[in-house]
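Shown next: query-v8.tsv, containing TSV, C-alpha atoms.
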```tsv
chain	number	residue	atom	x	y	z
Z	15	MET	CA	45.22	10.50	1.21
Z	16	ASP	CA	43.68	10.58	-2.27
Z	17	SER	CA	44.29	6.88	-2.90
Z	18	LYS	CA	42.66	6.03	0.46
Z	19	LYS	CA	39.63	8.13	-0.49
Z	20	LYS	CA	39.40	6.43	-3.90
Z	21	LEU	CA	39.66	3.00	-2.26
Z	22	ARG	CA	36.84	3.89	0.14
Z	23	GLU	CA	34.68	5.16	-2.73
Z	24	SER	CA	35.25	2.02	-4.83
Z	25	ARG	CA	34.43	-0.16	-1.81
Z	26	GLY	CA	31.24	1.86	-1.28
Z	27	LEU	CA	30.35	1.43	-4.93
Z	28	SER	CA	30.84	-2.34	-4.90
Z	29	THR	CA	28.91	-2.65	-1.61
Z	30	ASN	CA	26.01	-0.73	-3.16
Z	31	LEU	CA	26.16	-2.86	-6.31
Z	32	ARG	CA	26.00	-6.01	-4.17
Z	33	LYS	CA	23.12	-4.55	-2.15
Z	34	THR	CA	21.19	-3.70	-5.33
Z	35	GLY	CA	21.90	-7.19	-6.70
Z	36	LYS	CA	20.59	-8.79	-3.51
Z	37	MET	CA	17.46	-6.63	-3.65
Z	38	LEU	CA	16.82	-7.63	-7.27
Z	39	HIS	CA	17.43	-11.26	-6.40
Z	40	ARG	CA	14.76	-10.96	-3.70
Z	41	VAL	CA	12.24	-9.12	-5.88
Z	42	PHE	CA	12.69	-10.95	-9.20
Z	43	PRO	CA	10.93	-14.24	-8.24
Z	44	ASN	CA	7.81	-12.23	-7.38
Z	45	ILE	CA	7.96	-10.31	-10.66
Z	46	LEU	CA	8.40	-13.55	-12.58
Z	47	ALA	CA	5.47	-15.15	-10.71
Z	48	VAL	CA	3.16	-12.20	-11.50
Z	49	VAL	CA	4.20	-12.29	-15.18
Z	50	LEU	CA	3.60	-16.06	-15.42
Z	51	LEU	CA	0.23	-15.76	-13.69
Z	52	SER	CA	-0.72	-12.91	-16.02
Z	53	GLY	CA	0.02	-15.19	-18.99
Z	54	LEU	CA	-2.35	-17.83	-17.64
Z	55	ILE	CA	-5.14	-15.31	-16.98
Z	56	MET	CA	-4.78	-13.73	-20.42
Z	57	GLU	CA	-4.98	-17.17	-22.04
Z	58	PHE	CA	-7.86	-18.61	-20.05
Z	59	VAL	CA	-10.07	-15.60	-19.18
Z	60	PRO	CA	-12.05	-14.26	-22.19
Z	61	MET	CA	-11.61	-10.49	-21.75
Z	62	ASN	CA	-13.89	-9.67	-24.73
Z	63	ARG	CA	-16.82	-11.47	-23.09
Z	64	LEU	CA	-16.61	-9.71	-19.74
Z	65	SER	CA	-19.38	-7.24	-20.64
Z	66	GLU	CA	-21.83	-10.18	-20.73
Z	67	PHE	CA	-21.78	-10.19	-16.94
Z	68	LEU	CA	-23.20	-6.66	-16.82
Z	69	GLY	CA	-26.74	-5.36	-17.25
Z	70	GLY	CA	-28.22	-5.96	-13.80
Z	71	GLY	CA	-28.68	-2.62	-12.11
Z	72	PHE	CA	-26.92	0.63	-11.27
Z	73	PHE	CA	-24.99	-0.47	-8.18
Z	74	THR	CA	-24.81	-4.15	-9.15
Z	75	ASP	CA	-23.16	-3.14	-12.43
Z	76	GLY	CA	-20.76	-0.89	-10.52
Z	77	LEU	CA	-19.84	-3.77	-8.22
Z	78	ILE	CA	-19.38	-6.21	-11.10
Z	79	GLY	CA	-17.39	-3.62	-13.08
Z	80	ALA	CA	-15.08	-3.06	-10.11
Z	81	GLY	CA	-14.85	-6.82	-9.59
Z	82	ILE	CA	-13.87	-7.45	-13.21
Z	83	GLY	CA	-11.30	-4.63	-13.09
Z	84	SER	CA	-9.82	-6.00	-9.87
Z	85	ILE	CA	-9.05	-9.41	-11.31
Z	86	SER	CA	-7.98	-8.14	-14.71
Z	87	ILE	CA	-4.40	-7.62	-15.74
Z	88	GLY	CA	-2.56	-6.09	-18.62
Z	89	ASN	CA	-2.01	-2.65	-20.04
Z	90	PRO	CA	-4.68	-0.12	-18.98
Z	91	LEU	CA	-5.10	0.55	-22.69
Z	92	VAL	CA	-6.97	-2.78	-22.84
Z	93	SER	CA	-9.40	-1.44	-20.21
Z	94	TYR	CA	-9.96	1.71	-22.32
Z	95	VAL	CA	-10.83	-0.37	-25.40
Z	96	LEU	CA	-13.01	-2.71	-23.33
Z	97	GLY	CA	-14.67	0.23	-21.56
Z	98	GLY	CA	-15.33	1.98	-24.88
Z	99	GLU	CA	-16.95	-1.16	-26.28
Z	100	MET	CA	-19.04	-1.57	-23.12
Z	101	LEU	CA	-20.33	2.00	-23.39
Z	102	ASP	CA	-21.30	1.33	-27.02
Z	103	GLN	CA	-23.19	-1.77	-25.87
Z	104	GLY	CA	-25.15	0.34	-23.42
Z	105	VAL	CA	-23.33	-0.57	-20.21
Z	106	SER	CA	-23.62	2.24	-17.64
Z	107	LEU	CA	-20.85	4.80	-17.15
Z	108	MET	CA	-20.80	3.83	-13.45
Z	109	ALA	CA	-19.81	0.24	-14.34
Z	110	VAL	CA	-17.27	1.28	-16.97
Z	111	THR	CA	-15.60	3.82	-14.67
Z	112	ALA	CA	-15.50	1.32	-11.80
Z	113	LEU	CA	-13.80	-1.13	-14.19
Z	114	LEU	CA	-11.26	1.46	-15.43
Z	115	VAL	CA	-10.37	2.59	-11.91
Z	116	SER	CA	-10.15	-0.84	-10.28
Z	117	TRP	CA	-8.11	-2.12	-13.26
Z	118	VAL	CA	-5.28	0.23	-12.28
Z	119	THR	CA	-5.74	0.50	-8.51
Z	120	VAL	CA	-6.67	-3.00	-7.30
Z	121	GLY	CA	-4.14	-5.76	-7.91
Z	122	SER	CA	-5.52	-9.22	-7.15
Z	123	ILE	CA	-2.92	-10.92	-9.33
Z	124	GLN	CA	0.04	-9.16	-7.72
Z	125	LEU	CA	-1.48	-9.29	-4.22
Z	126	PRO	CA	0.75	-12.21	-3.08
Z	127	ALA	CA	3.82	-10.24	-4.19
Z	128	GLU	CA	2.57	-7.15	-2.37
Z	129	ILE	CA	1.89	-9.21	0.76
Z	130	GLN	CA	5.43	-10.64	0.64
Z	131	THR	CA	6.91	-7.17	0.23
Z	132	PHE	CA	4.87	-5.00	2.59
Z	133	GLY	CA	3.00	-7.47	4.80
Z	134	ALA	CA	-0.54	-8.88	4.63
Z	135	ARG	CA	-2.20	-6.15	6.71
Z	136	PHE	CA	-0.94	-3.31	4.52
Z	137	ALA	CA	-1.58	-5.10	1.20
Z	138	LEU	CA	-5.10	-6.29	2.07
Z	139	LEU	CA	-6.14	-2.94	3.52
Z	140	ARG	CA	-4.71	-0.97	0.60
Z	141	ASN	CA	-6.40	-3.15	-2.01
Z	142	GLY	CA	-9.68	-3.33	-0.08
Z	143	ILE	CA	-9.81	0.45	0.26
Z	144	SER	CA	-8.91	0.80	-3.44
Z	145	PHE	CA	-11.87	-1.43	-4.36
Z	146	VAL	CA	-14.30	0.69	-2.35
Z	147	PHE	CA	-12.73	3.87	-3.76
Z	148	ALA	CA	-13.27	2.55	-7.31
Z	149	LEU	CA	-17.01	2.49	-6.61
Z	150	ILE	CA	-16.99	5.92	-4.95
Z	151	ILE	CA	-14.94	7.46	-7.78
Z	152	ALA	CA	-17.25	5.88	-10.38
Z	153	PHE	CA	-20.26	7.42	-8.63
Z	154	LEU	CA	-18.57	10.83	-8.27
Z	155	VAL	CA	-17.43	10.83	-11.91
Z	156	LEU	CA	-20.99	10.02	-12.99
Z	157	LEU	CA	-22.42	12.85	-10.88
Z	158	THR	CA	-19.76	15.32	-12.02
Z	159	MET	CA	-20.24	14.43	-15.69
Z	160	GLN	CA	-24.00	14.83	-15.36
Z	161	PHE	CA	-23.49	18.17	-13.62
Z	162	LEU	CA	-20.95	19.47	-16.16
Z	163	SER	CA	-22.45	18.20	-19.38
Z	164	GLY	CA	-26.02	17.26	-18.60
Z	165	GLY	CA	-25.40	13.55	-19.30
Z	166	PHE	CA	-22.68	11.43	-20.88
X	7	MET	CA	-1.37	16.15	8.42
X	8	GLU	CA	-1.26	13.47	11.06
X	9	LYS	CA	2.14	12.40	12.34
X	10	THR	CA	2.69	8.81	13.25
X	11	GLY	CA	5.47	6.89	14.89
X	12	ALA	CA	8.00	4.53	13.33
X	13	LYS	CA	6.23	1.47	14.73
X	14	GLN	CA	3.48	1.77	12.08
X	15	GLN	CA	5.75	0.57	9.28
X	16	PRO	CA	4.51	-2.37	7.20
X	17	SER	CA	6.17	-5.69	7.73
X	18	ASP	CA	9.95	-5.35	7.53
X	19	LYS	CA	10.78	-8.89	8.57
X	20	LYS	CA	13.64	-10.66	6.82
X	21	GLU	CA	12.29	-13.14	4.32
X	22	SER	CA	13.71	-16.61	4.00
X	23	ALA	CA	14.77	-17.95	0.58
X	24	PHE	CA	11.67	-20.18	0.69
X	25	GLY	CA	9.46	-17.19	1.51
X	26	THR	CA	10.74	-15.14	-1.43
X	27	HIS	CA	10.18	-18.05	-3.82
X	28	LEU	CA	6.86	-19.31	-2.39
X	29	PHE	CA	4.62	-17.31	-4.74
X	30	LEU	CA	6.69	-18.38	-7.76
X	31	LEU	CA	6.53	-21.99	-6.57
X	32	ILE	CA	2.74	-21.87	-6.29
X	33	VAL	CA	2.43	-20.37	-9.79
X	34	LEU	CA	4.73	-23.07	-11.22
X	35	ILE	CA	2.57	-25.76	-9.59
X	36	ILE	CA	-0.54	-24.15	-11.14
X	37	TYR	CA	1.23	-24.24	-14.52
X	38	LEU	CA	2.06	-27.90	-14.05
X	39	LEU	CA	-1.57	-28.73	-13.22
X	40	VAL	CA	-2.92	-26.70	-16.15
X	41	PHE	CA	-0.35	-28.33	-18.45
X	42	LEU	CA	-1.76	-31.77	-17.56
X	43	PHE	CA	-5.21	-30.70	-18.80
X	44	ASP	CA	-4.36	-28.37	-21.70
X	45	PRO	CA	-0.71	-28.41	-22.85
X	46	SER	CA	-1.17	-26.24	-25.95
X	47	ARG	CA	-2.86	-23.36	-24.12
X	48	THR	CA	-0.28	-23.65	-21.33
X	49	PHE	CA	2.44	-23.11	-23.93
X	50	ALA	CA	0.46	-20.16	-25.31
X	51	ALA	CA	0.32	-18.70	-21.78
X	52	LEU	CA	4.09	-19.24	-21.42
X	53	GLN	CA	4.69	-17.51	-24.72
X	54	PHE	CA	2.56	-14.56	-23.66
X	55	SER	CA	4.49	-14.39	-20.37
X	56	SER	CA	7.87	-14.48	-22.08
X	57	GLU	CA	6.83	-11.66	-24.45
X	58	MET	CA	5.60	-9.69	-21.45
X	59	LEU	CA	8.87	-10.26	-19.61
X	60	ILE	CA	10.90	-9.04	-22.59
X	61	LYS	CA	8.78	-5.88	-22.72
X	62	LEU	CA	9.40	-5.44	-18.99
X	63	LEU	CA	13.19	-5.60	-19.23
X	64	PRO	CA	13.77	-1.89	-20.01
X	65	VAL	CA	11.58	-0.85	-17.06
X	66	LEU	CA	13.33	-3.39	-14.83
X	67	ALA	CA	16.68	-1.96	-15.90
X	68	LEU	CA	15.45	1.55	-15.13
X	69	VAL	CA	14.17	0.55	-11.69
X	70	SER	CA	17.43	-1.33	-10.98
X	71	GLY	CA	19.30	1.86	-11.85
X	72	PHE	CA	17.07	3.84	-9.48
X	73	MET	CA	17.68	1.24	-6.75
X	74	PHE	CA	21.43	1.49	-7.24
X	75	LEU	CA	21.34	5.31	-7.11
X	76	ASN	CA	19.07	5.08	-4.08
X	77	ASN	CA	21.59	2.84	-2.29
X	78	LEU	CA	24.44	5.11	-3.32
X	79	PHE	CA	23.06	8.58	-2.63
X	80	VAL	CA	19.79	8.45	-0.70
X	81	LYS	CA	20.54	8.38	3.00
X	82	PRO	CA	17.96	7.41	5.63
X	83	SER	CA	18.04	10.98	6.96
X	84	TRP	CA	16.97	12.30	3.55
X	85	VAL	CA	14.11	9.79	3.38
X	86	ARG	CA	13.01	10.65	6.93
X	87	ASN	CA	13.05	14.38	6.10
X	88	HIS	CA	11.30	14.23	2.73
X	89	VAL	CA	8.93	11.22	2.90
X	90	GLY	CA	9.19	10.25	6.56
X	91	HIS	CA	6.74	10.63	9.41
X	92	ASP	CA	7.23	14.38	9.72
X	93	SER	CA	7.27	15.12	5.99
X	94	GLY	CA	3.68	16.46	6.04
X	95	TRP	CA	1.98	17.59	2.85
X	96	ARG	CA	5.31	18.03	1.06
X	97	GLY	CA	5.95	14.29	1.48
X	98	MET	CA	2.46	13.56	0.16
X	99	LEU	CA	3.10	15.79	-2.85
X	100	ILE	CA	6.37	13.94	-3.58
X	101	ALA	CA	4.59	10.55	-3.30
X	102	VAL	CA	1.66	11.52	-5.55
X	103	VAL	CA	3.84	13.18	-8.19
X	104	GLY	CA	6.31	10.27	-8.02
X	105	GLY	CA	3.50	7.74	-8.47
X	106	THR	CA	2.01	9.71	-11.35
X	107	VAL	CA	5.25	9.94	-13.35
X	108	SER	CA	6.53	6.42	-12.56
X	109	MET	CA	6.17	3.93	-15.40
X	110	GLY	CA	5.84	0.18	-15.91
X	111	PRO	CA	3.85	-2.32	-13.86
X	112	ILE	CA	3.22	-1.62	-10.20
X	113	TYR	CA	5.06	-4.71	-8.89
X	114	VAL	CA	8.34	-3.58	-10.44
X	115	TRP	CA	8.37	-0.70	-7.92
X	116	TYR	CA	7.79	-2.82	-4.81
X	117	GLY	CA	11.52	-3.43	-4.26
X	118	MET	CA	12.47	0.22	-4.35
X	119	LEU	CA	9.56	1.25	-2.13
X	120	GLN	CA	10.56	-1.47	0.34
X	121	GLU	CA	14.05	0.05	0.49
X	122	PHE	CA	12.57	3.51	1.12
X	123	GLN	CA	10.31	2.00	3.77
X	124	GLN	CA	13.33	0.48	5.52
X	125	LYS	CA	14.95	3.91	5.46
X	126	GLY	CA	11.92	5.48	7.14
X	127	MET	CA	9.31	6.23	4.46
X	128	ARG	CA	5.84	6.68	5.88
X	129	ILE	CA	3.35	3.93	4.90
X	130	SER	CA	0.65	6.40	3.90
X	131	LEU	CA	3.07	7.74	1.30
X	132	ILE	CA	3.83	4.23	0.00
X	133	ALA	CA	0.08	3.64	-0.41
X	134	SER	CA	-0.41	7.05	-2.04
X	135	PHE	CA	2.49	6.42	-4.44
X	136	LEU	CA	0.98	3.07	-5.44
X	137	TYR	CA	-2.50	4.57	-5.90
X	138	ALA	CA	-1.24	7.60	-7.84
X	139	ARG	CA	0.21	5.16	-10.37
X	140	SER	CA	-3.38	4.85	-11.64
X	141	VAL	CA	-2.87	8.21	-13.37
X	142	LYS	CA	-1.29	7.13	-16.65
X	143	LEU	CA	0.05	10.32	-18.17
X	144	GLN	CA	1.47	8.49	-21.17
X	145	LEU	CA	-1.99	7.04	-21.93
X	146	LEU	CA	-3.90	10.28	-21.38
X	147	PRO	CA	-4.31	10.99	-25.14
X	148	LEU	CA	-5.87	7.54	-25.55
X	149	LEU	CA	-8.19	8.05	-22.57
X	150	ILE	CA	-9.29	11.34	-24.17
X	151	TYR	CA	-9.73	9.59	-27.54
X	152	TYR	CA	-12.01	6.89	-26.10
X	153	PHE	CA	-13.96	8.88	-23.49
X	154	GLY	CA	-13.53	12.58	-24.26
X	155	TRP	CA	-11.39	15.25	-22.61
X	156	LEU	CA	-13.98	16.21	-19.99
X	157	TYR	CA	-14.26	12.64	-18.71
X	158	ALA	CA	-10.44	12.30	-18.70
X	159	VAL	CA	-9.97	15.52	-16.70
X	160	VAL	CA	-12.68	14.57	-14.18
X	161	LEU	CA	-11.32	11.02	-13.75
X	162	VAL	CA	-7.68	12.14	-13.31
X	163	PHE	CA	-8.80	14.81	-10.82
X	164	TYR	CA	-10.57	12.22	-8.64
X	165	LEU	CA	-7.72	9.70	-8.94
X	166	ILE	CA	-5.24	12.27	-7.62
X	167	ILE	CA	-7.53	13.34	-4.76
X	168	PHE	CA	-8.27	9.73	-3.79
X	169	SER	CA	-4.59	8.75	-3.87
X	170	VAL	CA	-4.16	11.08	-0.87
X	171	PHE	CA	-7.23	9.61	0.87
X	172	ASN	CA	-6.05	6.08	0.11
X	173	GLY	CA	-2.68	6.70	1.75
X	174	LEU	CA	-4.13	8.34	4.85
X	175	LEU	CA	-6.88	5.72	5.31
X	176	THR	CA	-4.54	2.76	4.75
X	177	GLU	CA	-2.16	4.12	7.38
X	178	ARG	CA	-4.93	4.93	9.85
X	179	LEU	CA	-6.56	1.49	9.54
X	180	SER	CA	-3.14	-0.23	9.68
X	181	ILE	CA	-2.50	1.47	13.01
X	182	LYS	CA	-5.96	0.63	14.37
X	183	SER	CA	-5.75	-3.03	13.42
```

Rewrite the coordinates I just gave you, this time as structure tokens.
Amino acid sequence: MDSKKKLRESRGLSTNLRKTGKMLHRVFPNILAVVLLSGLIMEFVPMNRLSEFLGGGFFTDGLIGAGIGSISIGNPLVSYVLGGEMLDQGVSLMAVTALLVSWVTVGSIQLPAEIQTFGARFALLRNGISFVFALIIAFLVLLTMQFLSGGF
Amino acid sequence: MEKTGAKQQPSDKKESAFGTHLFLLIVLIIYLLVFLFDPSRTFAALQFSSEMLIKLLPVLALVSGFMFLNNLFVKPSWVRNHVGHDSGWRGMLIAVVGGTVSMGPIYVWYGMLQEFQQKGMRISLIASFLYARSVKLQLLPLLIYYFGWLYAVVLVFYLIIFSVFNGLLTERLSIKS
């Protein structure tokens, strides 16, 4: 009885290993594609010059900030450094917050991978809503900061 | 919290080998085209990508381990009970906390979430998990360093609240469309 149980368990284990291997095999091309695309963007898009696009108006800056964050990739730490520099250069908190939030919530670069995994409707809706939310959060953070500290 | 039926799952169609490699193929074609115009910067981009991939390996190993454990121990009934259509606010709490503590790039988690989805995970919870990943606990000291603790607390508060809204709205609009 014990040997039969052990045999069943080892079969279950190997089946699960195979299943995990298949899953990785399906997911890995997408991961590789996102990584390769990130390399291209990092090489050809001048991240340190992004703040030059800002300086229009309150909502325009918010929109541009969210737009820049949406197409940016890399560690969020980069967005903190960039955001800090932008604040020093006089860019509004609305724009900087929209950039920080969209950087980590909207994924234009990985969108094709998300579409392949969860379907176009889900991926487009989720990212679209995240873009709008980046603007709303930026506005709410600005209001809350002004309320709590009397200005940033 | 609103309960929805199983039919509102995101696409669970079986992908062909071509489908799974299509995105990679397009990126490789872009590389080829860029290489024709600027070979040295294309190599620089490749080098950056390879360094990024090496940094990703530990996270990939971790996620692979999670996927294996998921296949081994997590039964569809557990998923349906804890993060399924009737999981309510407890399911949302699991998704938001899970998203907050998960590490590495977002796309590394797609595979595991897809498996949970196939076992019955609610799509609002998938969206909330993905949104809650914007809270970077490990980078919180740096966020405080650059923007101050008050800004960090306010931003994290709104990110957590909006991860719930994002999940619910994504699901609702998915159903409507």

How close does each residue of chain X get to chain Z, giving the shortest atom pair and distance in Å to one decimal for every residue with an atom at most 6 Å away, counting all atoms listed in the file, sorted by chain and residue number, as CSV?
```
residue,atom,partner,partner_atom,distance
X:Pro16,CA,Z:Phe132,CA,5.3
X:Ser17,CA,Z:Gly133,CA,4.7
X:His27,CA,Z:Pro43,CA,5.9
X:Leu30,CA,Z:Ala47,CA,4.5
X:Ala51,CA,Z:Gly53,CA,4.5
X:Phe54,CA,Z:Gly53,CA,5.4
X:Ser55,CA,Z:Gly53,CA,4.7
X:Phe74,CA,Z:Thr34,CA,5.5
X:Asn77,CA,Z:Asn30,CA,5.7
X:Gly117,CA,Z:Val41,CA,6.0
X:Tyr137,CA,Z:Thr119,CA,5.8
X:Ser140,CA,Z:Val118,CA,5.0
X:Thr176,CA,Z:Arg140,CA,5.6
```

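Taking CA of Trp155 in chain X and CA of Met108 in chain Z as the two end points, the separation is 17.4 Å.
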
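Coordinates place CA of Gln120 in chain X at a distance of 13.6 Å from CA of Val80 in chain X.
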
* Pick out the closest residue to Tyr113 in chain X from this set: X:Val33, X:Val65, X:Leu99, X:Val40. Count only C-alpha atoms. => X:Val65

* Asked: Distance CA of Gly110 in chain X-CA of Ile132 in chain X, one decimal place?
  -> 16.5 Å

* To do: Taking (2.5, 7.0, -19.8) in the file's own coordinates, collect the residues within 10 Å, counting all atoms listed in the file, and hand them back as JSON, numbers by chain.
  => {"X": [106, 107, 108, 109, 110, 139, 141, 142, 143, 144, 145, 146, 147]}

Just need range 82-143 of chain Z in a file, please: C-alpha atoms, as an mmCIF file, in the first residue's frame.
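result.cif, written as the output of this step:
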```cif
data_model
loop_
_atom_site.group_PDB
_atom_site.id
_atom_site.type_symbol
_atom_site.label_atom_id
_atom_site.label_comp_id
_atom_site.auth_asym_id
_atom_site.auth_seq_id
_atom_site.Cartn_x
_atom_site.Cartn_y
_atom_site.Cartn_z
ATOM 1 C CA ILE Z 82 6.055 59.966 -19.721
ATOM 2 C CA GLY Z 83 5.571 57.576 -16.779
ATOM 3 C CA SER Z 84 3.416 55.274 -18.907
ATOM 4 C CA ILE Z 85 6.054 54.742 -21.565
ATOM 5 C CA SER Z 86 8.975 54.624 -19.152
ATOM 6 C CA ILE Z 87 10.539 51.441 -17.894
ATOM 7 C CA GLY Z 88 13.069 50.457 -15.311
ATOM 8 C CA ASN Z 89 13.333 50.440 -11.561
ATOM 9 C CA PRO Z 90 10.909 52.860 -9.850
ATOM 10 C CA LEU Z 91 13.988 54.230 -8.104
ATOM 11 C CA VAL Z 92 14.824 55.935 -11.422
ATOM 12 C CA SER Z 93 11.434 57.679 -11.297
ATOM 13 C CA TYR Z 94 12.174 58.891 -7.735
ATOM 14 C CA VAL Z 95 15.493 60.415 -8.833
ATOM 15 C CA LEU Z 96 13.910 61.897 -11.956
ATOM 16 C CA GLY Z 97 10.925 63.189 -9.959
ATOM 17 C CA GLY Z 98 13.224 64.735 -7.341
ATOM 18 C CA GLU Z 99 15.203 66.523 -10.060
ATOM 19 C CA MET Z 100 11.987 67.729 -11.707
ATOM 20 C CA LEU Z 101 10.737 69.200 -8.422
ATOM 21 C CA ASP Z 102 14.068 71.016 -8.025
ATOM 22 C CA GLN Z 103 13.639 72.418 -11.542
ATOM 23 C CA GLY Z 104 10.246 73.793 -10.583
ATOM 24 C CA VAL Z 105 8.028 71.181 -12.224
ATOM 25 C CA SER Z 106 4.662 70.939 -10.433
ATOM 26 C CA LEU Z 107 3.969 68.252 -7.825
ATOM 27 C CA MET Z 108 0.932 67.223 -9.906
ATOM 28 C CA ALA Z 109 3.170 66.333 -12.875
ATOM 29 C CA VAL Z 110 5.791 64.591 -10.746
ATOM 30 C CA THR Z 111 3.207 62.506 -8.872
ATOM 31 C CA ALA Z 112 1.450 61.580 -12.126
ATOM 32 C CA LEU Z 113 4.838 60.424 -13.456
ATOM 33 C CA LEU Z 114 5.663 58.401 -10.312
ATOM 34 C CA VAL Z 115 2.260 56.697 -10.252
ATOM 35 C CA SER Z 116 1.975 55.925 -13.965
ATOM 36 C CA TRP Z 117 5.590 54.646 -13.972
ATOM 37 C CA VAL Z 118 4.532 51.765 -11.717
ATOM 38 C CA THR Z 119 0.892 51.279 -12.714
ATOM 39 C CA VAL Z 120 0.758 51.712 -16.503
ATOM 40 C CA GLY Z 121 2.811 49.303 -18.592
ATOM 41 C CA SER Z 122 2.968 50.296 -22.255
ATOM 42 C CA ILE Z 123 6.118 48.252 -22.843
ATOM 43 C CA GLN Z 124 4.712 45.068 -21.319
ATOM 44 C CA LEU Z 125 1.221 45.650 -22.740
ATOM 45 C CA PRO Z 126 1.660 43.072 -25.570
ATOM 46 C CA ALA Z 127 2.699 40.472 -22.982
ATOM 47 C CA GLU Z 128 -0.289 41.362 -20.806
ATOM 48 C CA ILE Z 129 -2.610 41.132 -23.822
ATOM 49 C CA GLN Z 130 -1.227 37.686 -24.677
ATOM 50 C CA THR Z 131 -1.696 36.505 -21.109
ATOM 51 C CA PHE Z 132 -5.042 37.982 -20.061
ATOM 52 C CA GLY Z 133 -6.640 39.122 -23.323
ATOM 53 C CA ALA Z 134 -6.807 42.522 -25.036
ATOM 54 C CA ARG Z 135 -9.995 43.728 -23.339
ATOM 55 C CA PHE Z 136 -8.667 43.183 -19.810
ATOM 56 C CA ALA Z 137 -5.178 44.558 -20.530
ATOM 57 C CA LEU Z 138 -6.355 47.695 -22.359
ATOM 58 C CA LEU Z 139 -9.041 48.477 -19.802
ATOM 59 C CA ARG Z 140 -6.718 47.919 -16.850
ATOM 60 C CA ASN Z 141 -3.970 50.116 -18.280
ATOM 61 C CA GLY Z 142 -6.409 52.791 -19.477
ATOM 62 C CA ILE Z 143 -8.020 53.000 -16.044
#
```
